[in-house]
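For reference, the structure discussed in these notes is given below.
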Amino acid sequence: MINVLVADDELPAVEELAYLLGRDDRIGTIHRASSGSEALRALSTESVDAVFLDIHMPAVSGLDIARAIARSSHPPAVVFVTADEDCALEAFELAAVDYLLKPVRAERLARSVGRISELLRDGGGPAPEMITVDQGGTTRMIRRDDVTYVQAQGDYARLHTADASYLIRVPLADLEQQWADAGFIRTHRSFLVALKHVASMKLSADGPSVSVAGANLPISRRHLPTVREKLQATRIRPQL
């Protein structure tokens, strides 16, 4: 069970997030704080595995709390909860596990809890690999392990996640080399896929393909032997 602290200077926001967390079977005790100073006091007296911090709290902000947490010998996992994206870069520099935008959706929150659970199971583990992307004039940070597949678009590459897609100025061939050790494999001249997000592989008269996050992506003849070998290693079998 994961014991958490929810901190926000708006009480309705605290109660709403606590309610959503309480519906998750992985969550144990939920502590509440309505200010940054109250959150620090709770962290000094309670056993907490993860904290959900509003960033814009008066006097002691969520970022201030995260900096204090980073200095502790056994820091809890940090998830920021905010209404804007302006502090995303600084948040991930503080090794945040996740960055949730208000209003928080239940399914998005469940993914954050899953990440915390994995982190605790792995004994802390390394910080997630983050990627800087631009969207509508706003700079965002996204986790590489959220990328399900990448699509070539000339000298650019489009990163697809469950929620959106982002265009970055990096050729697909460069990402293929840089992300090979992270479980990404080339399936076609236009596609790079994350093996962990592959649901199935299909062999048909129209040509082989893989199903990735609901998208059916082609496998070229050239890449088929390698794709088959990698998927067999992960125990994914083709559907005949």
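Every chain in the structure tokens takes a letter, A first, then B, and so on in the order presented; its residues are numbered from 1, and the ligands are numbered from 1 following the presented order.
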What residues in stretch 61-189 of chain A get the DSSP label strand (DSSP E)? Please answer as number ranges by chain.
A: 77-82, 98-101, 130-135, 138-143, 149-153, 156-160, 165-168, 184-188
Go ahead and write the residues just picked, C-alpha atoms, as a JSON list (two decimals), in the first residue's frame.
```
[["chain", "number", "residue", "atom", "x", "y", "z"],
["A", 77, "ALA", "CA", 8.11, 10.26, -4.76],
["A", 78, "VAL", "CA", 6.93, 13.68, -5.91],
["A", 79, "VAL", "CA", 3.99, 14.37, -8.23],
["A", 80, "PHE", "CA", 3.16, 17.97, -9.05],
["A", 81, "VAL", "CA", -0.46, 18.99, -9.56],
["A", 82, "THR", "CA", -1.06, 22.36, -11.18],
["A", 98, "ASP", "CA", 4.87, 13.05, -12.79],
["A", 99, "TYR", "CA", 3.24, 16.38, -13.59],
["A", 100, "LEU", "CA", -0.56, 16.45, -13.53],
["A", 101, "LEU", "CA", -2.68, 19.24, -14.94],
["A", 130, "MET", "CA", 12.58, 13.32, -20.10],
["A", 131, "ILE", "CA", 12.14, 14.91, -23.53],
["A", 132, "THR", "CA", 11.64, 18.63, -24.16],
["A", 133, "VAL", "CA", 8.90, 19.33, -26.72],
["A", 134, "ASP", "CA", 7.15, 22.46, -27.97],
["A", 135, "GLN", "CA", 3.40, 22.56, -28.34],
["A", 138, "THR", "CA", 4.60, 26.19, -24.80],
["A", 139, "THR", "CA", 7.65, 24.16, -23.81],
["A", 140, "ARG", "CA", 6.69, 20.88, -22.18],
["A", 141, "MET", "CA", 8.54, 17.95, -20.69],
["A", 142, "ILE", "CA", 7.27, 14.46, -21.46],
["A", 143, "ARG", "CA", 8.53, 11.08, -20.32],
["A", 149, "TYR", "CA", 5.68, 5.01, -31.29],
["A", 150, "VAL", "CA", 7.50, 7.55, -33.43],
["A", 151, "GLN", "CA", 6.61, 8.52, -36.98],
["A", 152, "ALA", "CA", 9.08, 10.01, -39.47],
["A", 153, "GLN", "CA", 8.12, 13.37, -40.99],
["A", 156, "TYR", "CA", 11.43, 15.74, -38.03],
["A", 157, "ALA", "CA", 9.90, 12.98, -35.93],
["A", 158, "ARG", "CA", 6.41, 12.89, -34.39],
["A", 159, "LEU", "CA", 6.27, 11.35, -30.92],
["A", 160, "HIS", "CA", 2.95, 9.65, -30.17],
["A", 165, "SER", "CA", 1.56, 13.79, -30.35],
["A", 166, "TYR", "CA", 4.57, 16.10, -30.51],
["A", 167, "LEU", "CA", 6.85, 17.13, -33.36],
["A", 168, "ILE", "CA", 10.58, 17.32, -32.63],
["A", 184, "PHE", "CA", 12.55, 1.07, -29.28],
["A", 185, "ILE", "CA", 12.81, -0.85, -32.55],
["A", 186, "ARG", "CA", 12.49, 0.18, -36.21],
["A", 187, "THR", "CA", 9.64, -1.61, -37.96],
["A", 188, "HIS", "CA", 9.49, 0.42, -41.15]]
```
Stretch 38-48 of chain A environment, 9 Å, only C-alpha atoms, sequence neighbours closer than 3 positions dropped, as JSON, numbers by chain:
{"A": [2, 3, 4, 5, 6, 7, 8, 29, 30, 31, 32, 33, 34, 35, 51, 53, 65, 68, 69, 75, 76, 77]}
For A:Leu20, which residue out of A:Phe92, A:Cys87, A:Ala106, A:Ala66 is the nearest one, using only C-alpha atoms?
A:Ala106
